[in-house]
file model-v6.txt (compact mmCIF, C-alpha atoms)
# COMPACT_ATOMS: atom_id res chain seq x y z
CA MET Z 1 130.62 119.57 90.70
CA GLN Z 2 128.64 118.79 87.57
CA ILE Z 3 125.31 117.02 87.83
CA ARG Z 4 126.62 114.11 85.78
CA THR Z 5 129.53 113.58 88.18
CA ARG Z 6 127.28 113.97 91.23
CA LEU Z 7 124.76 111.47 89.88
CA THR Z 8 127.54 108.99 89.07
CA LEU Z 9 129.03 109.27 92.56
CA LEU Z 10 125.66 108.90 94.27
CA PHE Z 11 124.81 105.91 92.08
CA LEU Z 12 128.25 104.43 92.77
CA LEU Z 13 127.93 104.84 96.54
CA LEU Z 14 124.45 103.33 96.54
CA ALA Z 15 125.50 100.39 94.37
CA ALA Z 16 128.68 99.87 96.43
CA GLY Z 17 126.68 99.71 99.65
CA ILE Z 18 124.17 97.23 98.21
CA LEU Z 19 126.86 95.10 96.56
CA ALA Z 20 129.02 95.04 99.70
CA ALA Z 21 126.01 94.00 101.81
CA VAL Z 22 125.10 91.20 99.38
CA LEU Z 23 128.67 89.88 99.10
CA PHE Z 24 129.17 90.03 102.86
CA ALA Z 25 125.92 88.09 103.34
CA VAL Z 26 127.14 85.44 100.86
CA TYR Z 27 130.49 85.17 102.68
CA TRP Z 28 128.87 85.01 106.12
CA LEU Z 29 126.30 82.39 105.07
CA PHE Z 30 128.96 80.21 103.41
CA LYS Z 31 131.25 80.48 106.43
CA SER Z 32 128.41 79.73 108.85
CA ASN Z 33 127.21 76.74 106.84
CA SER Z 34 130.75 75.39 106.54
CA GLU Z 35 131.32 75.67 110.28
CA GLU Z 36 127.93 74.12 111.01
CA ALA Z 37 128.69 71.19 108.73
CA PHE Z 38 132.09 70.76 110.42
CA PHE Z 39 130.59 70.68 113.93
CA ASN Z 40 127.81 68.34 112.79
CA ASN Z 41 130.53 65.98 111.61
CA LEU Z 42 132.27 66.26 114.99
CA SER Z 43 128.95 65.59 116.74
CA SER Z 44 128.43 62.42 114.67
CA LYS Z 45 131.90 61.16 115.51
CA ALA Z 46 131.36 61.93 119.19
CA ALA Z 47 128.04 60.07 119.24
CA LEU Z 48 129.59 57.05 117.53
CA THR Z 49 132.46 57.03 120.05
CA VAL Z 50 130.07 57.24 123.00
CA GLN Z 51 128.07 54.28 121.76
CA THR Z 52 131.23 52.22 121.44
CA VAL Z 53 133.21 53.22 124.53
CA LEU Z 54 130.52 53.66 127.16
CA LYS Z 55 129.10 50.16 126.62
CA ASN Z 56 131.63 49.04 129.21
CA GLU Z 57 132.05 52.13 131.32
CA THR Z 58 133.06 50.16 134.40
CA ALA Z 59 136.34 49.39 132.70
CA LEU Z 60 137.20 53.05 132.23
CA THR Z 61 139.99 54.33 134.44
CA PRO Z 62 141.92 57.61 134.45
CA LEU Z 63 144.69 57.66 131.88
CA PRO Z 64 148.27 58.54 132.76
CA ASN Z 65 149.53 61.99 131.88
CA ASP Z 66 151.98 61.01 129.13
CA TRP Z 67 151.19 63.93 126.81
CA VAL Z 68 153.74 66.54 125.78
CA SER Z 69 152.95 70.26 125.91
CA PRO Z 70 153.12 71.75 122.40
CA GLU Z 71 155.38 74.58 121.44
CA GLY Z 72 153.34 77.59 120.39
CA ASP Z 73 149.65 77.39 119.48
CA THR Z 74 149.78 74.55 116.95
CA LEU Z 75 149.10 70.89 117.67
CA SER Z 76 150.78 68.17 115.59
CA TYR Z 77 147.63 66.09 115.12
CA ARG Z 78 144.49 67.05 113.16
CA GLU Z 79 141.68 65.34 115.10
CA ASN Z 80 140.98 63.49 118.30
CA ILE Z 81 138.11 62.30 120.52
CA SER Z 82 138.38 62.14 124.30
CA ILE Z 83 136.10 61.28 127.21
CA TYR Z 84 136.34 62.81 130.71
CA ASP Z 85 134.57 61.74 133.90
CA ASN Z 86 132.93 64.05 136.40
CA SER Z 87 136.26 64.46 138.21
CA TYR Z 88 137.78 65.96 135.07
CA ASN Z 89 139.94 62.87 134.55
CA ARG Z 90 140.52 61.74 131.01
CA VAL Z 91 139.32 58.15 130.82
CA PHE Z 92 139.47 57.67 127.06
CA THR Z 93 141.30 59.25 124.11
CA ILE Z 94 142.14 58.11 120.64
CA LEU Z 95 145.56 59.80 120.73
CA ARG Z 96 147.47 59.27 123.99
CA GLU Z 97 149.74 62.23 123.15
CA ALA Z 98 146.77 64.57 122.70
CA VAL Z 99 146.79 67.62 124.97
CA PRO Z 100 144.02 67.41 127.59
CA ILE Z 101 141.19 69.92 127.74
CA SER Z 102 141.41 72.57 130.44
CA GLY Z 103 139.22 72.33 133.53
CA LYS Z 104 137.62 75.69 132.65
CA ASN Z 105 136.32 74.33 129.33
CA LEU Z 106 135.12 71.11 131.00
CA GLN Z 107 133.23 73.10 133.62
CA GLU Z 108 131.61 75.18 130.85
CA ILE Z 109 130.46 71.99 129.14
CA TYR Z 110 129.00 70.57 132.39
CA GLN Z 111 127.05 73.80 132.90
CA LYS Z 112 125.74 74.24 129.32
CA GLY Z 113 125.43 70.63 128.21
CA ALA Z 114 127.13 71.41 124.89
CA PHE Z 115 129.86 73.89 124.13
CA ARG Z 116 131.95 74.85 121.14
CA PHE Z 117 135.43 76.23 121.66
CA GLU Z 118 138.89 76.42 120.21
CA HIS Z 119 141.65 74.15 121.49
CA PHE Z 120 144.94 75.53 120.22
CA ASN Z 121 144.59 75.38 116.39
CA LEU Z 122 141.70 72.90 116.54
CA HIS Z 123 137.94 73.48 116.82
CA ALA Z 124 136.35 71.40 119.56
CA LEU Z 125 132.83 70.34 120.47
CA GLY Z 126 132.09 69.26 124.03
CA ILE Z 127 128.92 67.30 124.89
CA LYS Z 128 127.77 66.19 128.34
CA GLN Z 129 126.74 62.53 128.37
CA ASN Z 130 124.69 61.03 131.23
CA THR Z 131 124.80 57.32 131.97
CA ALA Z 132 123.26 55.09 134.65
CA LEU Z 133 126.36 55.40 136.81
CA THR Z 134 127.72 58.93 136.35
CA GLN Z 135 128.24 61.85 133.96
CA TYR Z 136 130.86 62.13 131.24
CA VAL Z 137 132.03 64.78 128.82
CA VAL Z 138 132.82 63.79 125.27
CA ILE Z 139 135.23 66.07 123.42
CA ALA Z 140 135.49 65.84 119.64
CA GLU Z 141 138.08 68.10 118.11
CA GLY Z 142 139.42 68.57 114.61
CA TYR Z 143 141.15 70.93 112.27
CA PHE Z 144 138.80 73.23 110.38
CA ASP Z 145 140.33 73.90 106.96
CA PRO Z 146 139.62 77.59 106.01
CA THR Z 147 141.00 77.27 102.47
CA ALA Z 148 137.59 77.28 100.77
CA ILE Z 149 136.43 80.25 102.85
CA ILE Z 150 139.61 82.19 102.10
CA LYS Z 151 139.24 81.48 98.39
CA LEU Z 152 135.61 82.61 98.49
CA ARG Z 153 136.60 85.76 100.37
CA ASN Z 154 139.26 86.60 97.78
CA ILE Z 155 136.82 85.93 94.93
CA LEU Z 156 134.15 88.15 96.53
CA PHE Z 157 136.69 90.87 97.27
CA PHE Z 158 137.90 90.85 93.66
CA SER Z 159 134.30 90.71 92.39
CA PHE Z 160 133.40 93.73 94.51
CA PHE Z 161 136.01 95.95 92.86
CA ILE Z 162 135.18 94.64 89.40
CA GLY Z 163 131.48 95.33 90.06
CA ILE Z 164 132.24 98.84 91.38
CA PHE Z 165 134.27 99.60 88.27
CA LEU Z 166 131.46 98.40 86.00
CA VAL Z 167 128.88 100.35 88.01
CA ALA Z 168 130.99 103.52 87.75
CA VAL Z 169 131.38 103.16 83.98
CA SER Z 170 127.71 102.34 83.39
CA GLY Z 171 126.59 105.08 85.81
CA TRP Z 172 128.71 107.66 84.01
CA PHE Z 173 127.35 106.51 80.64
CA TYR Z 174 123.67 106.43 81.63
CA ALA Z 175 123.94 109.70 83.58
CA GLY Z 176 125.22 111.29 80.37
CA LYS Z 177 122.38 109.72 78.39
CA ALA Z 178 119.82 110.90 80.95
CA LEU Z 179 121.20 114.45 80.95
CA GLN Z 180 121.59 114.64 77.19
CA PRO Z 181 118.13 116.19 76.71
CA MET Z 182 119.00 118.77 79.37
CA SER Z 183 122.22 119.62 77.52
CA ALA Z 184 120.21 119.96 74.33
CA ILE Z 185 117.84 122.33 76.10
CA VAL Z 186 120.76 124.40 77.41
CA HIS Z 187 122.34 124.62 73.93
CA ALA Z 188 118.99 125.56 72.40
CA VAL Z 189 118.43 128.29 74.98
CA GLU Z 190 121.97 129.63 74.49
CA LYS Z 191 121.26 130.10 70.78
CA ILE Z 192 118.21 132.29 71.45
CA GLN Z 193 119.12 135.95 70.99
CA PRO Z 194 117.11 139.05 71.96
CA SER Z 195 116.90 139.96 68.27
CA ASP Z 196 115.02 136.72 67.51
CA LEU Z 197 112.82 135.32 70.28
CA SER Z 198 110.73 133.17 67.95
CA LYS Z 199 112.86 130.04 68.49
CA ARG Z 200 111.64 127.42 70.90
CA VAL Z 201 113.09 124.40 72.69
CA ALA Z 202 112.11 121.05 71.16
CA HIS Z 203 110.82 118.53 73.74
CA GLY Z 204 109.42 115.79 71.50
CA ASN Z 205 106.48 113.65 72.55
CA SER Z 206 107.81 112.48 75.92
CA GLN Z 207 106.00 113.29 79.15
CA ASP Z 208 108.94 113.19 81.57
CA GLU Z 209 110.32 115.96 83.80
CA LEU Z 210 112.76 117.19 81.13
CA ALA Z 211 109.93 117.59 78.64
CA HIS Z 212 108.02 119.53 81.28
CA MET Z 213 111.09 121.72 81.86
CA ALA Z 214 111.40 122.37 78.11
CA GLU Z 215 107.72 123.26 77.97
CA THR Z 216 108.21 125.60 80.92
CA PHE Z 217 111.13 127.26 79.08
CA ASN Z 218 108.92 127.71 76.04
CA ASN Z 219 106.17 129.26 78.12
CA LEU Z 220 108.73 131.60 79.65
CA LEU Z 221 110.00 132.51 76.18
CA ASP Z 222 106.41 133.20 75.12
CA ARG Z 223 106.03 135.66 77.97
CA VAL Z 224 109.42 137.23 77.28
CA GLU Z 225 108.63 137.56 73.57
CA GLN Z 226 105.27 139.06 74.40
CA ALA Z 227 106.94 141.51 76.80
CA PHE Z 228 109.51 142.48 74.12
CA GLN Z 229 106.79 142.96 71.53
CA MET Z 230 104.76 145.00 73.97
CA GLN Z 231 107.81 147.09 74.77
CA LYS Z 232 108.51 147.69 71.08
CA MET Z 233 104.88 148.51 70.43
CA PHE Z 234 104.81 150.72 73.50
CA VAL Z 235 107.87 152.70 72.44
CA SER Z 236 106.62 152.96 68.87
CA ASN Z 237 103.13 154.08 69.87
CA VAL Z 238 104.34 156.50 72.52
CA SER Z 239 106.70 158.06 69.99
CA HIS Z 240 103.83 158.35 67.51
CA GLU Z 241 101.40 159.76 70.09
CA LEU Z 242 103.97 162.29 71.28
CA LYS Z 243 104.95 163.24 67.76
CA ASN Z 244 101.45 164.30 66.68
CA PRO Z 245 100.76 166.91 69.40
CA LEU Z 246 104.36 168.15 69.39
CA THR Z 247 104.21 168.58 65.62
CA ALA Z 248 100.90 170.40 65.94
CA ILE Z 249 102.29 172.68 68.67
CA ARG Z 250 105.38 173.49 66.66
CA ALA Z 251 103.39 174.14 63.47
CA GLN Z 252 101.00 176.49 65.25
CA LEU Z 253 103.83 178.43 66.88
CA ASP Z 254 105.77 178.64 63.61
CA VAL Z 255 102.73 180.03 61.79
CA VAL Z 256 101.94 182.54 64.52
CA LEU Z 257 105.53 183.78 64.72
CA GLN Z 258 105.99 184.30 60.99
CA ARG Z 259 104.55 187.81 61.27
CA GLU Z 260 102.77 190.10 63.63
CA ARG Z 261 99.32 188.88 64.68
CA SER Z 262 96.44 190.31 66.58
CA ASN Z 263 95.96 189.62 70.26
CA GLU Z 264 92.96 187.45 69.43
CA THR Z 265 95.06 185.31 67.10
CA TYR Z 266 97.78 184.93 69.70
CA ARG Z 267 95.16 184.02 72.28
CA ASN Z 268 93.59 181.38 70.04
CA ALA Z 269 97.01 179.92 69.26
CA LEU Z 270 97.94 179.71 72.94
CA GLU Z 271 94.60 178.09 73.78
CA SER Z 272 95.17 175.49 71.06
CA VAL Z 273 98.68 174.84 72.34
CA LEU Z 274 97.29 174.57 75.88
CA ASP Z 275 94.77 171.96 74.71
CA ASP Z 276 97.57 169.95 73.15
CA ILE Z 277 99.61 170.22 76.32
CA LYS Z 278 96.62 169.02 78.35
CA ASP Z 279 96.35 166.02 76.04
CA LEU Z 280 100.06 165.34 76.56
CA SER Z 281 99.66 165.66 80.31
CA ASP Z 282 96.66 163.31 80.27
CA MET Z 283 98.61 160.75 78.28
CA GLU Z 284 101.57 161.12 80.65
CA GLN Z 285 99.35 160.43 83.68
CA LYS Z 286 97.84 157.37 82.03
CA LEU Z 287 101.28 156.06 81.09
CA LEU Z 288 102.48 156.51 84.67
CA TYR Z 289 99.47 154.62 86.00
CA LEU Z 290 99.94 151.93 83.36
CA ALA Z 291 103.60 151.52 84.28
CA ARG Z 292 102.70 151.32 87.96
CA VAL Z 293 100.05 148.62 87.64
CA TYR Z 294 102.25 146.56 85.27
CA ASN Z 295 105.65 146.94 86.92
CA ALA Z 296 104.92 147.36 90.64
CA PRO Z 297 101.57 145.78 91.49
CA GLN Z 298 102.91 144.59 94.86
CA THR Z 299 103.20 148.22 96.05
CA ILE Z 300 99.50 148.91 95.55
CA GLN Z 301 97.62 149.10 98.85
CA PHE Z 302 94.08 147.70 99.22
CA THR Z 303 91.59 148.97 101.80
CA PRO Z 304 87.87 148.36 102.41
CA ILE Z 305 85.74 150.92 100.57
CA ARG Z 306 81.99 151.33 100.25
CA LEU Z 307 80.93 150.72 96.68
CA ASP Z 308 77.86 152.96 96.51
CA GLU Z 309 79.77 155.90 97.98
CA LEU Z 310 82.55 155.34 95.45
CA LEU Z 311 80.02 155.52 92.59
CA TRP Z 312 78.48 158.78 93.81
CA GLN Z 313 81.89 160.39 94.40
CA THR Z 314 83.12 159.24 91.00
CA MET Z 315 80.06 160.72 89.28
CA GLU Z 316 80.55 164.07 91.03
CA GLN Z 317 84.22 164.15 90.06
CA PHE Z 318 83.35 163.22 86.49
CA GLN Z 319 80.80 166.04 86.21
CA LYS Z 320 83.34 168.56 87.48
CA GLN Z 321 85.98 167.40 84.98
CA HIS Z 322 83.51 167.20 82.06
CA PRO Z 323 80.70 169.70 82.46
CA ALA Z 324 79.54 169.05 78.88
CA TYR Z 325 78.85 165.39 79.65
CA HIS Z 326 75.92 163.99 81.61
CA ALA Z 327 76.15 161.09 84.09
CA SER Z 328 73.43 159.41 86.16
CA ILE Z 329 73.25 156.56 88.66
CA GLU Z 330 70.62 153.85 89.01
CA ILE Z 331 70.87 151.55 92.04
CA ILE Z 332 68.82 148.34 92.07
CA ASP Z 333 67.93 146.54 95.29
CA MET Z 334 70.00 148.02 98.09
CA PRO Z 335 71.04 145.23 100.49
CA ALA Z 336 69.71 144.93 104.03
CA SER Z 337 73.24 144.93 105.47
CA ASP Z 338 75.79 147.62 104.72
CA ASP Z 339 78.57 145.03 104.95
CA THR Z 340 77.56 143.78 101.51
CA LEU Z 341 78.50 147.15 99.99
CA PHE Z 342 82.14 147.00 101.09
CA VAL Z 343 84.89 145.74 98.77
CA SER Z 344 88.66 145.52 99.16
CA ALA Z 345 90.21 147.86 96.61
CA ASN Z 346 92.64 150.66 95.89
CA GLU Z 347 90.24 153.60 95.76
CA PRO Z 348 92.23 155.96 93.47
CA LEU Z 349 92.86 153.22 90.87
CA LEU Z 350 89.31 151.90 90.96
CA ARG Z 351 87.94 155.43 90.60
CA LEU Z 352 90.32 156.04 87.69
CA SER Z 353 89.01 152.94 85.89
CA LEU Z 354 85.41 154.07 86.37
CA LEU Z 355 86.25 157.59 85.14
CA ASN Z 356 87.88 156.19 82.00
CA LEU Z 357 84.87 153.99 81.26
CA MET Z 358 82.46 156.89 81.82
CA ASN Z 359 84.54 159.22 79.66
CA ASN Z 360 84.59 156.70 76.80
CA ALA Z 361 80.85 156.14 77.14
CA CYS Z 362 80.10 159.85 76.81
CA LYS Z 363 82.68 160.42 74.08
CA TYR Z 364 81.27 157.74 71.79
CA SER Z 365 77.57 158.37 72.57
CA SER Z 366 75.46 160.69 70.45
CA ASP Z 367 73.90 162.26 73.56
CA ASN Z 368 77.18 162.45 75.52
CA ALA Z 369 75.50 160.64 78.42
CA VAL Z 370 76.43 157.65 80.59
CA LEU Z 371 74.41 155.60 83.04
CA LEU Z 372 75.93 153.88 86.07
CA ARG Z 373 73.65 150.98 87.00
CA ALA Z 374 74.44 149.07 90.20
CA ASN Z 375 72.88 145.83 91.42
CA PHE Z 376 73.67 144.91 95.03
CA GLN Z 377 71.02 142.22 95.40
CA SER Z 378 73.43 139.25 95.26
CA THR Z 379 75.50 138.56 98.38
CA SER Z 380 78.28 136.85 96.41
CA LYS Z 381 78.55 139.25 93.44
CA ARG Z 382 78.12 143.00 93.18
CA ILE Z 383 77.39 144.19 89.61
CA VAL Z 384 78.16 147.66 88.27
CA GLU Z 385 77.32 148.49 84.64
CA ILE Z 386 78.50 151.47 82.58
CA CYS Z 387 75.94 151.97 79.80
CA ASP Z 388 75.99 154.26 76.79
CA ARG Z 389 73.93 154.81 73.63
CA GLY Z 390 76.77 154.81 71.13
CA SER Z 391 77.11 152.92 67.87
CA GLY Z 392 78.38 149.82 69.65
CA ILE Z 393 81.56 147.75 69.34
CA PRO Z 394 81.92 145.09 66.61
CA ASP Z 395 82.70 141.57 67.81
CA ALA Z 396 86.08 141.68 66.06
CA GLU Z 397 87.13 144.68 68.19
CA LYS Z 398 85.91 143.51 71.60
CA LEU Z 399 89.28 141.98 72.48
CA LEU Z 400 91.39 144.53 70.62
CA ILE Z 401 90.02 147.52 72.54
CA PHE Z 402 91.96 146.42 75.63
CA GLU Z 403 95.31 146.39 73.80
CA PRO Z 404 97.52 149.40 74.60
CA PHE Z 405 97.29 152.20 71.99
CA TYR Z 406 94.61 150.43 69.97
CA ARG Z 407 92.07 152.80 68.44
CA SER Z 408 89.13 151.80 66.32
CA PRO Z 409 89.39 153.00 62.70
CA ARG Z 410 85.81 154.23 63.05
CA HIS Z 411 86.76 156.84 65.66
CA LEU Z 412 90.16 158.13 64.60
CA GLN Z 413 88.69 161.63 64.23
CA LEU Z 414 88.02 161.77 67.98
CA LYS Z 415 90.74 162.67 70.46
CA GLY Z 416 92.22 159.77 72.33
CA THR Z 417 95.41 157.95 73.22
CA GLY Z 418 94.30 154.30 73.14
CA ILE Z 419 95.62 153.79 76.69
CA GLY Z 420 92.43 154.17 78.75
CA LEU Z 421 90.80 150.77 78.27
CA SER Z 422 94.08 148.84 78.60
CA LEU Z 423 94.66 150.65 81.89
CA VAL Z 424 91.09 149.84 82.98
CA LYS Z 425 91.54 146.14 82.17
CA ARG Z 426 94.79 145.92 84.13
CA ILE Z 427 93.31 147.71 87.17
CA LEU Z 428 90.27 145.42 87.20
CA ASP Z 429 92.49 142.34 86.87
CA LEU Z 430 94.47 143.47 89.90
CA HIS Z 431 91.21 143.75 91.85
CA GLN Z 432 90.00 140.37 90.51
CA ILE Z 433 86.97 142.11 89.04
CA ASP Z 434 85.48 140.35 86.01
CA LEU Z 435 84.80 142.61 83.03
CA PHE Z 436 82.24 141.75 80.35
CA VAL Z 437 81.40 143.76 77.24
CA ASP Z 438 77.86 143.57 75.86
CA SER Z 439 77.34 145.47 72.61
CA PRO Z 440 74.37 144.37 70.48
CA PRO Z 441 74.26 145.21 66.74
CA ALA Z 442 71.43 147.67 67.35
CA GLY Z 443 73.83 149.94 69.27
CA GLY Z 444 74.63 150.81 72.83
CA THR Z 445 77.43 149.26 74.86
CA VAL Z 446 77.43 147.94 78.42
CA PHE Z 447 80.65 147.38 80.36
CA ARG Z 448 79.68 145.03 83.19
CA LEU Z 449 81.94 144.88 86.28
CA SER Z 450 81.39 141.88 88.55
CA PHE Z 451 82.94 142.44 91.99
CA PRO Z 452 83.93 139.36 93.98

call {"tool": "encode", "arguments": {"input": "model-v6.txt", "output": "structure tokens"}}
result
Amino acid sequence: MQIRTRLTLLFLLLAAGILAAVLFAVYWLFKSNSEEAFFNNLSSKAALTVQTVLKNETALTPLPNDWVSPEGDTLSYRENISIYDNSYNRVFTILREAVPISGKNLQEIYQKGAFRFEHFNLHALGIKQNTALTQYVVIAEGYFDPTAIIKLRNILFFSFFIGIFLVAVSGWFYAGKALQPMSAIVHAVEKIQPSDLSKRVAHGNSQDELAHMAETFNNLLDRVEQAFQMQKMFVSNVSHELKNPLTAIRAQLDVVLQRERSNETYRNALESVLDDIKDLSDMEQKLLYLARVYNAPQTIQFTPIRLDELLWQTMEQFQKQHPAYHASIEIIDMPASDDTLFVSANEPLLRLSLLNLMNNACKYSSDNAVLLRANFQSTSKRIVEICDRGSGIPDAEKLLIFEPFYRSPRHLQLKGTGIGLSLVKRILDLHQIDLFVDSPPAGGTVFRLSFP
């Protein structure tokens, strides 16, 4: 069922319930007021009769039974007033042929003092009247004409269906008007193709839920477009990065195989090819890590690790991998409690990010050295800084260096893939570690890691 139809039906049911309740209340109030006015009229007639007849109550005697039992439930007369004594004898009546009241009704009147009841097709009001001598019951009865009530009932019944029809039509119309912006959003989204993700859904200046939904769609499209652009850039850059070493490997092998070479030449060629293969393998490992932290972050396990031990182990591993580089550690203010040194992290990924930062620091420093400086004084933040003495990073490049495959034009002559820092940034984001880059114009760069 469409939303428009569902909204119309719900609106119709709600309006029908309210309208039926209101019309029923009007009918019931009119009927009650009409009956109350009728019985008030009977009460006035009964009181007037009592004042007239009971002035000389000693002259009242039981009347003979000369009435005729009616056929069916309809009496031939329309109104009558009678008086009965405490022996249930009728001592006064306006119409001698009127049918007497049953003893059961008279007993009910004596018990309650006043009682309304139906007497064949007439409505009757019985009132107990006390005098100085005895007790009497005055019965005033008359025909209650229901014509006005029936007409009102028919008018209300007809009005109910007319109102329901109008509510259904207006509900269908306004539901369509209310959902028109949603239909426009759906049509706009349907027109967006993967080949052109630059289009957006117009939401105007309104601040309602539909405008919020359109804005949410636009934010989603922004993320999708960014993902598509990143995918295109990723494929393009990977193809370029793979092409360069593969071309170099092929060119070297082609040159070597053109004619017979010495063993030394073959050895040099194989070592060069091996270096290129190592670069390819390094790039492959970084791409695998990058894919893992982007596509499956929920599978990454976090465990408590001791931060100072991680730094020492990372430095030892770095020295083994890069004997030509030099790394040192400086720890400031060791805490009194060892609990302060523990952080929740994925040790292999966090070590990989530190290794990448240390490798970059040595690669771009004139002395090929890096300093790990740790400050554990604060109980709320643990600071680790990776410091180098390189030429620094211009302000314009401080955000670009974390983009995948970005390489500064100043260092294109150095080997690199442009993946390391983007991988570092993603790993630190997963660990909720804040990363700050401080690179003054005088040179030297500090990557500051603030652990929560």

call {"tool": "closest_residue", "arguments": {"input": "model-v6.txt", "among": "Z:Phe11, Z:Phe92, Z:Phe451, Z:Trp312", "to": "Ser328 in chain Z", "atoms": "all atoms listed in the file"}}
result
Z:Trp312

call {"tool": "atom_distance", "arguments": {"input": "model-v6.txt", "atom1": "CA of Ile433 in chain Z", "atom2": "CA of Ala327 in chain Z"}}
result
22.4 Å

call {"tool": "closest_residue", "arguments": {"input": "model-v6.txt", "among": "Z:Val22, Z:Val424, Z:Val384, Z:Leu125", "to": "Leu311 in chain Z", "atoms": "only C-alpha atoms"}}
result
Z:Val384

call {"tool": "residues_around", "arguments": {"input": "model-v6.txt", "residues": "range 29-31 of chain Z", "least_positions_apart": "2", "cutoff": "10 Å", "atoms": "only C-alpha atoms", "output": "list in words"}}
result
Leu23, Phe24, Ala25, Val26, Tyr27, Asn33, Ser34, Glu35, Glu36, Ala37, Pro146, Ala148, Ile149, Ile150, Leu152 and Arg153 of chain Z

call {"tool": "closest_residue", "arguments": {"input": "model-v6.txt", "among": "Z:Val91, Z:Leu133, Z:Ile329, Z:Leu352", "to": "Cys387 in chain Z", "atoms": "all atoms listed in the file"}}
result
Z:Ile329

call {"tool": "residues_around", "arguments": {"input": "model-v6.txt", "residues": "Tyr143 in chain Z", "least_positions_apart": "2", "cutoff": "8 Å", "atoms": "all atoms listed in the file", "output": "ChimeraX atom specification"}}
result
/Z:78-79,121-123,141,145

call {"tool": "closest_residue", "arguments": {"input": "model-v6.txt", "among": "Z:Leu430, Z:Glu215, Z:Ile277, Z:Phe318", "to": "Gln301 in chain Z", "atoms": "only C-alpha atoms"}}
result
Z:Leu430

call {"tool": "residues_near_point", "arguments": {"input": "model-v6.txt", "point": "(152.2, 66.3, 129.0)", "cutoff": "9 Å", "atoms": "only C-alpha atoms", "output": "number ranges by chain"}}
result
Z: 65-70, 97-100

call {"tool": "residues_around", "arguments": {"input": "model-v6.txt", "residues": "range 438-440 of chain Z", "least_positions_apart": "6", "cutoff": "9 Å", "atoms": "only C-alpha atoms", "output": "PyMOL selection string"}}
result
chain Z and resi 391-395+398+446-448

call {"tool": "residues_around", "arguments": {"input": "model-v6.txt", "residues": "Gly103 in chain Z", "least_positions_apart": "3", "cutoff": "10 Å", "atoms": "all atoms listed in the file", "output": "mmCIF file with C-alpha atoms, keeping the file's coordinate frame"}}
result
data_model
loop_
_atom_site.group_PDB
_atom_site.id
_atom_site.type_symbol
_atom_site.label_atom_id
_atom_site.label_comp_id
_atom_site.auth_asym_id
_atom_site.auth_seq_id
_atom_site.Cartn_x
_atom_site.Cartn_y
_atom_site.Cartn_z
ATOM 1 C CA SER Z 87 136.260 64.460 138.210
ATOM 2 C CA TYR Z 88 137.780 65.960 135.070
ATOM 3 C CA ASN Z 89 139.940 62.870 134.550
ATOM 4 C CA PRO Z 100 144.020 67.410 127.590
ATOM 5 C CA LEU Z 106 135.120 71.110 131.000
ATOM 6 C CA GLN Z 107 133.230 73.100 133.620
ATOM 7 C CA GLU Z 108 131.610 75.180 130.850
ATOM 8 C CA ILE Z 109 130.460 71.990 129.140
#

call {"tool": "residues_around", "arguments": {"input": "model-v6.txt", "residues": "Ala202 in chain Z", "least_positions_apart": "4", "cutoff": "9 Å", "atoms": "all atoms listed in the file", "output": "list in words"}}
result
Ala184, Ile185, Ala188, Ala211, Ala214, Glu215 and Asn218 of chain Z

call {"tool": "closest_residue", "arguments": {"input": "model-v6.txt", "among": "Z:Ala132, Z:Leu400, Z:Leu423, Z:Val189", "to": "Asn56 in chain Z", "atoms": "all atoms listed in the file"}}
result
Z:Ala132

call {"tool": "closest_residue", "arguments": {"input": "model-v6.txt", "among": "Z:Phe165, Z:Phe402, Z:Phe217, Z:Tyr110", "to": "Gly420 in chain Z", "atoms": "all atoms listed in the file"}}
result
Z:Phe402

call {"tool": "atom_distance", "arguments": {"input": "model-v6.txt", "atom1": "CA of Ala124 in chain Z", "atom2": "CA of Leu48 in chain Z"}}
result
16.0 Å
